[in-house]
>>> print(open('entry05.txt').read())   # compact mmCIF, C-alpha atoms
# COMPACT_ATOMS: atom_id res chain seq x y z
CA MET B 92 30.60 -58.99 -46.86
CA LYS B 93 33.13 -57.50 -49.28
CA ILE B 94 33.34 -53.80 -48.47
CA ALA B 95 35.37 -50.95 -49.96
CA VAL B 96 36.12 -47.94 -47.78
CA LEU B 97 37.10 -45.00 -49.97
CA GLY B 98 39.27 -42.58 -48.01
CA THR B 99 42.31 -42.93 -45.76
CA GLY B 100 41.47 -40.21 -43.22
CA THR B 101 40.16 -40.51 -39.66
CA VAL B 102 36.71 -41.60 -40.82
CA GLY B 103 38.07 -44.13 -43.31
CA HIS B 104 40.37 -45.65 -40.71
CA ALA B 105 37.64 -45.86 -38.06
CA LEU B 106 35.15 -47.52 -40.41
CA ALA B 107 37.61 -49.85 -42.15
CA GLY B 108 39.13 -50.97 -38.86
CA LYS B 109 35.77 -51.69 -37.28
CA LEU B 110 34.51 -53.54 -40.36
CA VAL B 111 37.59 -55.79 -40.41
CA SER B 112 37.19 -56.51 -36.70
CA LEU B 113 33.61 -57.58 -37.45
CA GLY B 114 34.89 -60.17 -39.93
CA HIS B 115 34.24 -58.36 -43.21
CA GLU B 116 36.70 -58.32 -46.13
CA VAL B 117 37.66 -54.68 -46.35
CA ALA B 118 39.65 -52.88 -49.03
CA MET B 119 40.76 -49.33 -48.26
CA GLY B 120 40.76 -47.26 -51.43
CA SER B 121 42.91 -44.24 -52.15
CA ARG B 122 44.09 -42.24 -55.13
CA GLU B 123 47.17 -44.35 -55.77
CA SER B 124 47.27 -48.11 -55.73
CA ALA B 125 50.42 -48.02 -53.58
CA ASN B 126 49.32 -45.24 -51.20
CA PRO B 127 51.50 -45.70 -48.07
CA LYS B 128 48.61 -44.93 -45.70
CA GLY B 129 46.44 -47.62 -47.27
CA ALA B 130 49.29 -50.15 -47.31
CA ALA B 131 50.18 -49.41 -43.68
CA TRP B 132 46.57 -49.81 -42.63
CA ALA B 133 46.17 -53.12 -44.48
CA GLU B 134 49.34 -54.47 -42.89
CA GLN B 135 48.39 -53.60 -39.32
CA ALA B 136 44.71 -54.55 -39.76
CA GLY B 137 45.74 -58.06 -40.76
CA ALA B 138 43.54 -60.81 -42.20
CA GLY B 139 40.63 -59.54 -44.28
CA ALA B 140 42.25 -56.16 -44.94
CA SER B 141 43.68 -54.93 -48.21
CA ALA B 142 44.41 -51.63 -49.92
CA GLY B 143 44.33 -50.37 -53.48
CA SER B 144 43.22 -47.61 -55.79
CA PHE B 145 39.63 -46.42 -55.57
CA ALA B 146 38.77 -48.64 -58.56
CA GLU B 147 40.70 -51.64 -57.23
CA ALA B 148 39.01 -51.36 -53.82
CA ALA B 149 35.50 -50.82 -55.20
CA GLY B 150 35.71 -53.49 -57.93
CA PRO B 151 34.87 -56.62 -55.92
CA ALA B 152 32.86 -54.83 -53.20
CA GLU B 153 29.14 -55.29 -52.54
CA LEU B 154 29.09 -52.21 -50.33
CA VAL B 155 31.16 -49.09 -51.01
CA VAL B 156 31.61 -46.54 -48.22
CA ASN B 157 32.31 -42.95 -49.23
CA ALA B 158 34.54 -41.73 -46.40
CA THR B 159 36.21 -38.98 -48.43
CA PRO B 160 35.82 -35.23 -47.82
CA GLY B 161 32.59 -34.13 -49.50
CA THR B 162 34.33 -31.59 -51.70
CA VAL B 163 36.36 -34.36 -53.44
CA SER B 164 33.80 -37.19 -53.32
CA LEU B 165 32.62 -36.76 -56.91
CA ALA B 166 36.20 -36.83 -58.21
CA VAL B 167 36.90 -39.94 -56.12
CA LEU B 168 33.82 -41.74 -57.42
CA ALA B 169 34.78 -40.79 -60.98
CA GLU B 170 38.12 -42.52 -60.40
CA ALA B 171 36.32 -45.61 -59.11
CA GLY B 172 34.37 -45.51 -62.37
CA GLU B 173 30.71 -45.73 -63.30
CA SER B 174 30.82 -49.32 -64.55
CA THR B 175 32.48 -50.38 -61.29
CA LEU B 176 29.89 -48.56 -59.20
CA ASN B 177 26.72 -49.56 -61.08
CA GLY B 178 24.43 -51.74 -58.98
CA LYS B 179 26.47 -51.38 -55.80
CA ILE B 180 25.31 -49.89 -52.52
CA LEU B 181 27.04 -46.65 -51.55
CA LEU B 182 27.00 -45.71 -47.89
CA ASP B 183 27.72 -41.97 -48.06
CA VAL B 184 29.08 -40.70 -44.74
CA SER B 185 30.67 -37.56 -46.21
CA ASN B 186 29.90 -33.91 -45.52
CA PRO B 187 30.28 -31.17 -48.14
CA LEU B 188 32.35 -28.94 -45.86
CA ASP B 189 33.96 -26.02 -47.68
CA HIS B 190 36.97 -24.80 -45.69
CA THR B 191 38.05 -22.16 -48.20
CA GLY B 192 36.39 -19.40 -46.16
CA GLY B 193 38.05 -20.45 -42.88
CA PHE B 194 36.54 -22.00 -39.76
CA PRO B 195 33.78 -22.87 -39.24
CA PRO B 196 33.35 -24.19 -42.78
CA SER B 197 30.29 -23.56 -44.94
CA LEU B 198 28.64 -26.20 -47.12
CA SER B 199 29.52 -26.48 -50.81
CA VAL B 200 25.96 -27.61 -51.56
CA CYS B 201 22.81 -27.25 -49.45
CA ASN B 202 19.19 -26.17 -49.08
CA THR B 203 17.55 -27.35 -52.34
CA ASP B 204 20.16 -30.02 -53.03
CA SER B 205 22.70 -32.17 -51.20
CA LEU B 206 25.92 -33.98 -51.92
CA ALA B 207 24.18 -37.35 -51.58
CA GLU B 208 21.59 -36.36 -54.19
CA THR B 209 24.33 -35.04 -56.49
CA ILE B 210 26.10 -38.40 -56.27
CA GLN B 211 22.82 -40.22 -56.93
CA ARG B 212 22.07 -38.08 -60.00
CA THR B 213 25.61 -38.62 -61.33
CA TYR B 214 25.38 -42.40 -60.84
CA PRO B 215 21.70 -43.34 -61.26
CA LYS B 216 22.44 -47.07 -60.85
CA LEU B 217 24.36 -46.59 -57.62
CA ARG B 218 22.14 -47.26 -54.58
CA VAL B 219 23.02 -44.32 -52.36
CA VAL B 220 22.25 -44.35 -48.63
CA LYS B 221 23.17 -41.34 -46.51
CA SER B 222 24.02 -42.15 -42.90
CA LEU B 223 26.59 -41.66 -40.12
CA ASN B 224 27.60 -38.20 -41.40
CA THR B 225 25.93 -36.61 -38.35
CA VAL B 226 28.43 -37.95 -35.81
CA SER B 227 32.21 -38.03 -35.38
CA ALA B 228 34.15 -41.12 -36.44
CA PRO B 229 34.58 -42.73 -32.98
CA ILE B 230 30.82 -42.50 -32.36
CA MET B 231 29.99 -43.98 -35.79
CA VAL B 232 31.58 -47.30 -34.88
CA GLU B 233 31.08 -47.29 -31.11
CA PRO B 234 27.80 -45.61 -30.14
CA ALA B 235 28.04 -47.19 -26.67
CA ARG B 236 30.84 -44.82 -25.70
CA LEU B 237 28.16 -42.22 -24.94
CA PRO B 238 26.46 -42.73 -21.56
CA ALA B 239 22.82 -42.67 -22.73
CA PRO B 240 20.88 -43.74 -25.84
CA HIS B 241 21.17 -41.48 -28.88
CA ASP B 242 20.11 -41.53 -32.50
CA ILE B 243 21.45 -42.06 -35.99
CA PHE B 244 19.67 -41.28 -39.24
CA MET B 245 19.40 -42.86 -42.66
CA ALA B 246 18.03 -41.62 -45.99
CA GLY B 247 17.88 -43.26 -49.41
CA ASN B 248 15.63 -44.23 -52.29
CA ASP B 249 16.39 -47.99 -52.24
CA ALA B 250 14.74 -49.92 -49.40
CA GLU B 251 16.98 -52.97 -49.79
CA ALA B 252 20.13 -50.83 -49.71
CA LYS B 253 18.87 -49.14 -46.53
CA SER B 254 18.26 -52.53 -44.99
CA VAL B 255 21.87 -53.58 -45.74
CA VAL B 256 23.16 -50.33 -44.23
CA ALA B 257 20.90 -50.74 -41.19
CA ASN B 258 22.44 -54.18 -40.62
CA VAL B 259 25.93 -52.69 -40.72
CA LEU B 260 24.84 -49.97 -38.25
CA GLN B 261 23.52 -52.67 -35.94
CA GLU B 262 26.84 -54.50 -36.17
CA PHE B 263 28.47 -51.22 -35.08
CA GLY B 264 26.22 -51.25 -32.01
CA TRP B 265 23.32 -49.01 -33.07
CA SER B 266 20.08 -50.49 -31.80
CA PRO B 267 17.21 -50.71 -34.32
CA GLU B 268 14.97 -48.27 -32.45
CA HIS B 269 17.70 -45.61 -32.65
CA ILE B 270 18.27 -46.01 -36.39
CA ARG B 271 15.86 -43.40 -37.77
CA ASP B 272 14.87 -43.88 -41.40
CA LEU B 273 13.98 -40.40 -42.68
CA GLY B 274 12.73 -41.61 -46.06
CA GLY B 275 14.01 -40.67 -49.51
CA LEU B 276 17.46 -39.40 -50.32
CA ASP B 277 16.27 -35.79 -50.39
CA ALA B 278 16.26 -36.04 -46.58
CA ALA B 279 20.07 -35.97 -46.91
CA ARG B 280 19.67 -32.17 -47.21
CA GLY B 281 18.69 -32.06 -43.57
CA LEU B 282 21.40 -34.53 -42.56
CA GLU B 283 24.11 -32.46 -44.25
CA MET B 284 22.65 -29.12 -43.06
CA TRP B 285 22.92 -30.40 -39.50
CA LEU B 286 26.68 -29.91 -39.70
CA PRO B 287 26.75 -26.15 -38.99
CA LEU B 288 24.86 -26.73 -35.73
CA TRP B 289 26.96 -29.81 -34.94
CA LEU B 290 30.10 -27.69 -35.34
CA ARG B 291 28.78 -24.97 -33.00
CA ILE B 292 27.87 -27.51 -30.33
CA PHE B 293 31.28 -29.17 -30.84
CA MET B 294 32.99 -25.78 -30.29
CA GLN B 295 31.26 -25.50 -26.89
CA GLN B 296 32.10 -29.03 -25.76
CA PRO B 297 34.91 -29.65 -23.29
CA GLN B 298 38.04 -30.53 -25.30
CA GLY B 299 37.78 -33.90 -26.98
CA LYS B 300 34.43 -34.83 -25.46
CA MET B 301 32.30 -36.66 -28.00
CA PHE B 302 28.55 -36.05 -28.28
CA ASN B 303 25.49 -36.85 -30.31
CA ILE B 304 21.80 -36.03 -30.16
CA ALA B 305 18.93 -38.09 -28.86
CA ILE B 306 15.37 -37.54 -30.04
CA VAL B 307 13.13 -36.95 -27.02
CA SER B 308 9.48 -37.52 -27.96
CA GLU B 309 6.13 -37.28 -26.25
CA MET D 124 8.85 -6.79 -17.95
CA LYS D 125 7.16 -4.99 -20.84
CA ILE D 126 7.28 -7.35 -23.80
CA ALA D 127 6.06 -7.04 -27.38
CA VAL D 128 5.28 -10.20 -29.30
CA LEU D 129 5.23 -9.49 -33.02
CA GLY D 130 3.04 -12.00 -34.82
CA THR D 131 -0.45 -13.40 -34.27
CA GLY D 132 0.16 -16.98 -35.40
CA THR D 133 0.58 -20.16 -33.36
CA VAL D 134 4.01 -19.14 -32.10
CA GLY D 135 2.94 -15.61 -31.22
CA HIS D 136 -0.09 -16.87 -29.32
CA ALA D 137 1.91 -19.49 -27.40
CA LEU D 138 4.59 -17.03 -26.36
CA ALA D 139 2.29 -14.09 -25.60
CA GLY D 140 -0.08 -16.24 -23.58
CA LYS D 141 2.70 -17.80 -21.52
CA LEU D 142 4.36 -14.43 -20.90
CA VAL D 143 1.09 -12.93 -19.64
CA SER D 144 0.54 -15.93 -17.38
CA LEU D 145 3.99 -15.28 -15.92
CA GLY D 146 2.97 -11.73 -14.99
CA HIS D 147 4.57 -9.76 -17.79
CA GLU D 148 2.88 -6.87 -19.59
CA VAL D 149 2.51 -8.19 -23.10
CA ALA D 150 1.46 -6.39 -26.27
CA MET D 151 0.71 -8.51 -29.33
CA GLY D 152 1.74 -6.68 -32.47
CA SER D 153 0.25 -7.09 -35.91
CA ARG D 154 0.08 -5.22 -39.21
CA GLU D 155 -3.05 -3.27 -38.30
CA SER D 156 -3.69 -1.59 -35.01
CA ALA D 157 -7.19 -3.07 -34.91
CA ASN D 158 -6.28 -6.57 -36.10
CA PRO D 159 -9.14 -8.82 -34.89
CA LYS D 160 -6.79 -11.66 -33.92
CA GLY D 161 -4.74 -9.37 -31.71
CA ALA D 162 -7.81 -7.80 -30.15
CA ALA D 163 -9.40 -11.19 -29.48
CA TRP D 164 -6.21 -12.44 -27.88
CA ALA D 165 -5.88 -9.36 -25.64
CA GLU D 166 -9.49 -9.70 -24.52
CA GLN D 167 -9.24 -13.38 -23.57
CA ALA D 168 -5.74 -13.08 -22.07
CA GLY D 169 -7.01 -10.45 -19.65
CA ALA D 170 -4.95 -8.26 -17.32
CA GLY D 171 -1.50 -7.40 -18.65
CA ALA D 172 -2.44 -8.13 -22.26
CA SER D 173 -2.90 -5.61 -25.04
CA ALA D 174 -2.76 -5.49 -28.81
CA GLY D 175 -1.71 -2.95 -31.40
CA SER D 176 0.28 -2.31 -34.54
CA PHE D 177 3.86 -3.55 -34.67
CA ALA D 178 5.06 -0.03 -33.77
CA GLU D 179 2.49 0.42 -31.01
CA ALA D 180 3.36 -2.93 -29.46
CA ALA D 181 7.13 -2.46 -29.72
CA GLY D 182 7.19 1.17 -28.55
CA PRO D 183 7.10 0.71 -24.76
CA ALA D 184 8.68 -2.78 -24.75
CA GLU D 185 12.05 -3.68 -23.22
CA LEU D 186 12.02 -7.02 -25.00
CA VAL D 187 10.62 -7.55 -28.50
CA VAL D 188 9.91 -11.10 -29.68
CA ASN D 189 9.97 -11.74 -33.41
CA ALA D 190 7.35 -14.46 -33.81
CA THR D 191 6.58 -13.69 -37.45
CA PRO D 192 7.36 -15.98 -40.41
CA GLY D 193 10.99 -15.46 -41.36
CA THR D 194 10.17 -14.43 -44.90
CA VAL D 195 8.22 -11.36 -43.67
CA SER D 196 10.27 -10.55 -40.55
CA LEU D 197 12.28 -7.75 -42.15
CA ALA D 198 9.12 -6.07 -43.43
CA VAL D 199 7.53 -6.40 -39.99
CA LEU D 200 10.54 -4.86 -38.25
CA ALA D 201 10.55 -2.03 -40.80
CA GLU D 202 6.95 -1.30 -39.78
CA ALA D 203 7.97 -1.26 -36.13
CA GLY D 204 10.59 1.29 -37.15
CA GLU D 205 14.29 1.67 -36.49
CA SER D 206 13.99 4.42 -33.89
CA THR D 207 11.50 2.28 -31.97
CA LEU D 208 13.77 -0.75 -32.10
CA ASN D 209 17.11 0.89 -31.30
CA GLY D 210 18.54 -0.29 -27.98
CA LYS D 211 15.91 -2.96 -27.41
CA ILE D 212 16.49 -6.68 -27.10
CA LEU D 213 15.05 -8.76 -29.93
CA LEU D 214 14.39 -12.42 -29.24
CA ASP D 215 14.25 -13.85 -32.75
CA VAL D 216 12.38 -17.16 -32.79
CA SER D 217 11.62 -17.07 -36.52
CA ASN D 218 12.72 -19.43 -39.28
CA PRO D 219 13.33 -18.32 -42.87
CA LEU D 220 11.13 -21.05 -44.36
CA ASP D 221 10.40 -20.55 -48.04
CA HIS D 222 7.24 -22.41 -48.97
CA THR D 223 7.12 -21.24 -52.60
CA GLY D 224 8.67 -24.54 -53.78
CA GLY D 225 6.17 -26.71 -51.87
CA PHE D 226 6.70 -28.97 -48.88
CA PRO D 227 9.10 -29.42 -47.25
CA PRO D 228 10.14 -25.76 -47.47
CA SER D 229 13.66 -24.59 -48.24
CA LEU D 230 15.38 -21.70 -46.45
CA SER D 231 15.32 -18.20 -47.95
CA VAL D 232 18.76 -17.53 -46.45
CA CYS D 233 21.38 -19.99 -45.17
CA ASN D 234 24.91 -21.34 -45.15
CA THR D 235 27.08 -18.16 -45.10
CA ASP D 236 24.35 -15.96 -43.62
CA SER D 237 21.19 -16.24 -41.55
CA LEU D 238 17.99 -14.33 -40.98
CA ALA D 239 19.12 -13.35 -37.49
CA GLU D 240 22.35 -11.87 -38.85
CA THR D 241 20.42 -10.06 -41.60
CA ILE D 242 18.19 -8.48 -38.95
CA GLN D 243 21.24 -7.54 -36.88
CA ARG D 244 22.96 -5.92 -39.88
CA THR D 245 19.79 -4.01 -40.76
CA TYR D 246 19.36 -2.73 -37.18
CA PRO D 247 22.87 -2.48 -35.69
CA LYS D 248 21.53 -1.05 -32.42
CA LEU D 249 19.01 -3.84 -31.92
CA ARG D 250 20.36 -6.51 -29.55
CA VAL D 251 19.43 -9.68 -31.42
CA VAL D 252 19.32 -13.04 -29.66
CA LYS D 253 18.37 -16.14 -31.62
CA SER D 254 16.62 -18.82 -29.61
CA LEU D 255 13.61 -21.15 -29.46
CA ASN D 256 13.39 -21.45 -33.27
CA THR D 257 14.53 -25.08 -33.01
CA VAL D 258 11.36 -26.36 -31.34
CA SER D 259 7.62 -26.18 -31.94
CA ALA D 260 5.55 -23.57 -30.10
CA PRO D 261 4.12 -25.81 -27.36
CA ILE D 262 7.64 -26.99 -26.44
CA MET D 263 9.01 -23.43 -26.38
CA VAL D 264 6.82 -22.50 -23.44
CA GLU D 265 6.44 -25.89 -21.76
CA PRO D 266 9.60 -27.96 -22.10
CA ALA D 267 8.36 -30.27 -19.32
CA ARG D 268 5.77 -31.79 -21.64
CA LEU D 269 8.54 -34.01 -22.99
CA PRO D 270 9.34 -37.00 -20.74
CA ALA D 271 13.14 -36.52 -20.47
CA PRO D 272 15.55 -33.56 -20.37
CA HIS D 273 16.28 -31.87 -23.70
CA ASP D 274 18.13 -28.81 -24.92
CA ILE D 275 17.54 -25.32 -26.21
CA PHE D 276 20.10 -23.06 -27.86
CA MET D 277 20.93 -19.38 -27.83
CA ALA D 278 23.18 -17.20 -30.00
CA GLY D 279 23.87 -13.48 -29.95
CA ASN D 280 26.56 -10.82 -29.78
CA ASP D 281 25.28 -9.05 -26.63
CA ALA D 282 25.95 -10.91 -23.37
CA GLU D 283 23.44 -8.86 -21.34
CA ALA D 284 20.72 -9.46 -23.92
CA LYS D 285 21.43 -13.19 -23.82
CA SER D 286 21.19 -13.10 -20.05
CA VAL D 287 17.73 -11.45 -20.24
CA VAL D 288 16.61 -14.07 -22.76
CA ALA D 289 18.03 -16.90 -20.62
CA ASN D 290 15.94 -15.61 -17.70
CA VAL D 291 12.81 -15.71 -19.84
CA LEU D 292 13.68 -19.25 -20.96
CA GLN D 293 14.05 -20.27 -17.33
CA GLU D 294 10.65 -18.76 -16.58
CA PHE D 295 9.29 -20.97 -19.37
CA GLY D 296 10.75 -23.99 -17.56
CA TRP D 297 14.11 -24.48 -19.31
CA SER D 298 16.74 -25.39 -16.74
CA PRO D 299 20.03 -23.47 -16.95
CA GLU D 300 22.12 -26.53 -17.80
CA HIS D 301 19.91 -27.18 -20.84
CA ILE D 302 20.14 -23.62 -22.18
CA ARG D 303 23.13 -23.93 -24.51
CA ASP D 304 24.86 -20.65 -25.38
CA LEU D 305 26.49 -21.25 -28.76
CA GLY D 306 28.30 -17.89 -28.84
CA GLY D 307 27.99 -15.11 -31.39
CA LEU D 308 25.01 -14.48 -33.63
CA ASP D 309 26.70 -16.23 -36.57
CA ALA D 310 25.80 -19.46 -34.75
CA ALA D 311 22.23 -18.66 -35.82
CA ARG D 312 23.19 -20.17 -39.19
CA GLY D 313 23.34 -23.58 -37.55
CA LEU D 314 20.14 -22.97 -35.58
CA GLU D 315 18.21 -22.02 -38.72
CA MET D 316 19.81 -24.78 -40.83
CA TRP D 317 18.57 -27.31 -38.25
CA LEU D 318 15.05 -26.82 -39.64
CA PRO D 319 15.35 -29.14 -42.67
CA LEU D 320 16.36 -32.02 -40.38
CA TRP D 321 13.73 -31.01 -37.81
CA LEU D 322 11.10 -31.19 -40.57
CA ARG D 323 12.21 -34.66 -41.68
CA ILE D 324 12.12 -35.98 -38.12
CA PHE D 325 8.72 -34.31 -37.66
CA MET D 326 7.43 -36.09 -40.79
CA GLN D 327 8.38 -39.45 -39.23
CA GLN D 328 6.82 -38.73 -35.84
CA PRO D 329 3.47 -40.22 -34.90
CA GLN D 330 0.78 -37.63 -35.68
CA GLY D 331 0.90 -34.65 -33.36
CA LYS D 332 3.67 -36.03 -31.15
CA MET D 333 6.05 -33.26 -30.10
CA PHE D 334 9.80 -33.83 -29.90
CA ASN D 335 13.10 -32.11 -29.34
CA ILE D 336 16.74 -33.13 -29.17
CA ALA D 337 18.92 -33.74 -26.16
CA ILE D 338 22.69 -33.46 -26.34
CA VAL D 339 24.24 -36.70 -25.07
CA SER D 340 27.90 -36.11 -24.13
CA GLU D 341 30.77 -38.23 -22.88
>>> encode(input="entry05.txt", output="structure tokens")
Amino acid sequence: MKIAVLGTGTVGHALAGKLVSLGHEVAMGSRESANPKGAAWAEQAGAGASAGSFAEAAGPAELVVNATPGTVSLAVLAEAGESTLNGKILLDVSNPLDHTGGFPPSLSVCNTDSLAETIQRTYPKLRVVKSLNTVSAPIMVEPARLPAPHDIFMAGNDAEAKSVVANVLQEFGWSPEHIRDLGGLDAARGLEMWLPLWLRIFMQQPQGKMFNIAIVSE
Amino acid sequence: MKIAVLGTGTVGHALAGKLVSLGHEVAMGSRESANPKGAAWAEQAGAGASAGSFAEAAGPAELVVNATPGTVSLAVLAEAGESTLNGKILLDVSNPLDHTGGFPPSLSVCNTDSLAETIQRTYPKLRVVKSLNTVSAPIMVEPARLPAPHDIFMAGNDAEAKSVVANVLQEFGWSPEHIRDLGGLDAARGLEMWLPLWLRIFMQQPQGKMFNIAIVSE
């Protein structure tokens, strides 16, 4: 599949690298066409990897991954351009973390709205699926590094788009019974509002130890 | 221990009943001294159980449990009275769920504040500990009904108060390694903001099936 990963940070690198290793054609998008981070990534990632501006990366892609910080995601998507985005699937892994008040961050949108819904309203023809934002980058692409089964969530209004995303999650190693479809995109409120608790658990973890949650049911 | 449980709903009944069965002296508090629900509970719960107004229940208690809906908790505590509450431990299990916009509810306070912190600011001499609000009532008092280990959280500014609450949680059946102390009471933001995701997972559960989360760590 042709995939654009928007964002050159830790999350962008983890996702783009994994997707290339799985055989996808991956373009890493950044603000400038000749961004050194994007170019360096494409060079070391080898065959199937390229880099370009947000619009250049998104143009040929079937699936666009929003791996930018939530507070700049709307500006990034505007640079990609509405006509480029229309009809594509957007896997939104971002979190609207507002660091202006210090650590831990608050959310720039929450409760009766979410970043994912804001993106969907701004681009009605984009097929937005929220997923992976509830775990750190290494867990997103390698769930097996945790010693017991654990869960990942998905929300979106387009069933076919969710099915495409679920396939990508399975390629990452998430087993179908641990991919929890929470329904429509308004469930992204819960997925984004998980972050404050995630951060508090993270702060109590031994240094560098990754974690996630597992649903334990009757 | 002398314990007041404020609230006559499902959560209040579950907690008060369990606490009596453990040998504590429990007073169920409600708006009116002669509230029929409270009186009926005290009669069926037997020795160690009583009922009264919020102030009557809280008066002799060492530990006060806020098991009222979050949107009325401040009014309830005002009825109990500041002089009654001063110096006591408050186990706050409430959630600030605002149902005025329909289902699923939003939160009446969140992000840069929480209900628990609001209570603490209003009653600076009350020793507020947030816990148990992340699970449904039957799980609060019987964690073993789920088939695998799972976790409960705690937040508060008073270490001794948290230790008293942790003892109660252990009496309920929570093992010490699954009682996760998240630090100061500002961590209650994360615990309360968990509810929107809890509700979405709940909506996907088979009818009536209880659940909770387990932290899976490296």
>>> interface_residues(input="entry05.txt", of="chain D", to="chain B", cutoff="8 Å", atoms="all atoms listed in the file", output="PDB file with C-alpha atoms, in the frame of the given file")
ATOM      1  CA  SER D 229      13.660 -24.590 -48.240  1.00  0.00           C
ATOM      2  CA  LEU D 230      15.380 -21.700 -46.450  1.00  0.00           C
ATOM      3  CA  CYS D 233      21.380 -19.990 -45.170  1.00  0.00           C
ATOM      4  CA  ASN D 234      24.910 -21.340 -45.150  1.00  0.00           C
ATOM      5  CA  THR D 235      27.080 -18.160 -45.100  1.00  0.00           C
ATOM      6  CA  ARG D 268       5.770 -31.790 -21.640  1.00  0.00           C
ATOM      7  CA  LEU D 269       8.540 -34.010 -22.990  1.00  0.00           C
ATOM      8  CA  PRO D 270       9.340 -37.000 -20.740  1.00  0.00           C
ATOM      9  CA  ALA D 271      13.140 -36.520 -20.470  1.00  0.00           C
ATOM     10  CA  PRO D 272      15.550 -33.560 -20.370  1.00  0.00           C
ATOM     11  CA  HIS D 273      16.280 -31.870 -23.700  1.00  0.00           C
ATOM     12  CA  LEU D 305      26.490 -21.250 -28.760  1.00  0.00           C
ATOM     13  CA  ALA D 310      25.800 -19.460 -34.750  1.00  0.00           C
ATOM     14  CA  ARG D 312      23.190 -20.170 -39.190  1.00  0.00           C
ATOM     15  CA  GLY D 313      23.340 -23.580 -37.550  1.00  0.00           C
ATOM     16  CA  LEU D 314      20.140 -22.970 -35.580  1.00  0.00           C
ATOM     17  CA  MET D 316      19.810 -24.780 -40.830  1.00  0.00           C
ATOM     18  CA  TRP D 317      18.570 -27.310 -38.250  1.00  0.00           C
ATOM     19  CA  LEU D 318      15.050 -26.820 -39.640  1.00  0.00           C
ATOM     20  CA  PRO D 319      15.350 -29.140 -42.670  1.00  0.00           C
ATOM     21  CA  LEU D 320      16.360 -32.020 -40.380  1.00  0.00           C
ATOM     22  CA  TRP D 321      13.730 -31.010 -37.810  1.00  0.00           C
ATOM     23  CA  ARG D 323      12.210 -34.660 -41.680  1.00  0.00           C
ATOM     24  CA  ILE D 324      12.120 -35.980 -38.120  1.00  0.00           C
ATOM     25  CA  GLN D 327       8.380 -39.450 -39.230  1.00  0.00           C
ATOM     26  CA  LYS D 332       3.670 -36.030 -31.150  1.00  0.00           C
ATOM     27  CA  MET D 333       6.050 -33.260 -30.100  1.00  0.00           C
ATOM     28  CA  PHE D 334       9.800 -33.830 -29.900  1.00  0.00           C
ATOM     29  CA  ASN D 335      13.100 -32.110 -29.340  1.00  0.00           C
ATOM     30  CA  ILE D 336      16.740 -33.130 -29.170  1.00  0.00           C
ATOM     31  CA  ALA D 337      18.920 -33.740 -26.160  1.00  0.00           C
ATOM     32  CA  ILE D 338      22.690 -33.460 -26.340  1.00  0.00           C
ATOM     33  CA  VAL D 339      24.240 -36.700 -25.070  1.00  0.00           C
ATOM     34  CA  SER D 340      27.900 -36.110 -24.130  1.00  0.00           C
ATOM     35  CA  GLU D 341      30.770 -38.230 -22.880  1.00  0.00           C
TER      36      GLU D 341
END
>>> residues_around(input="entry05.txt", residues="D:Gly171", least_positions_apart="5", cutoff="7 Å", atoms="only C-alpha atoms", output="PyMOL selection string")
chain D and resi 143+147-149
>>> atom_distance(input="entry05.txt", atom1="atom CA of B:Glu233", atom2="atom CA of B:Met119")
19.8 Å
>>> residues_around(input="entry05.txt", residues="B:Ala252", least_positions_apart="6", cutoff="8 Å", atoms="all atoms listed in the file", output="number ranges by chain")
B: 180, 218-220
>>> closest_residue(input="entry05.txt", among="D:Ser196, D:Ser176, D:Ser237, D:Ser254", to="D:Asp215", atoms="only C-alpha atoms")
D:Ser254
>>> residues_around(input="entry05.txt", residues="stretch 153-157 of chain B", least_positions_apart="4", cutoff="9 Å", atoms="all atoms listed in the file", output="list of chain:residue names")
B:Met92, B:Lys93, B:Ile94, B:Ala95, B:Val96, B:Leu97, B:Gly98, B:Gly103, B:Leu106, B:Ala148, B:Ala149, B:Gly161, B:Ser164, B:Val167, B:Leu168, B:Leu176, B:Gly178, B:Lys179, B:Ile180, B:Leu181, B:Leu182, B:Asp183, B:Val184, B:Ser185, B:Val255, B:Val256
>>> closest_residue(input="entry05.txt", among="B:Pro160, B:Pro229, B:Gly172, B:Pro187", to="B:Ala107", atoms="only C-alpha atoms")
B:Pro229
>>> atom_distance(input="entry05.txt", atom1="atom CA of B:Thr225", atom2="atom CA of B:Ile243")
7.4 Å
>>> residues_around(input="entry05.txt", residues="B:Gly275", least_positions_apart="3", cutoff="7 Å", atoms="all atoms listed in the file", output="list in words")
Ala246, Gly247, Asn248 and Ala278 of chain B
>>> atom_distance(input="entry05.txt", atom1="atom CA of D:Glu283", atom2="atom CA of B:Phe194")
26.1 Å
>>> closest_residue(input="entry05.txt", among="D:Gln293, D:Gln167, D:Ser259, D:Thr207", to="D:Thr133", atoms="only C-alpha atoms")
D:Ser259
>>> residues_around(input="entry05.txt", residues="stretch 125-132 of chain B", least_positions_apart="5", cutoff="8 Å", atoms="all atoms listed in the file", output="list of chain:residue names")
B:Thr99, B:His104, B:Met119, B:Gly120, B:Ser141, B:Ala142, B:Gly143, B:Ser144
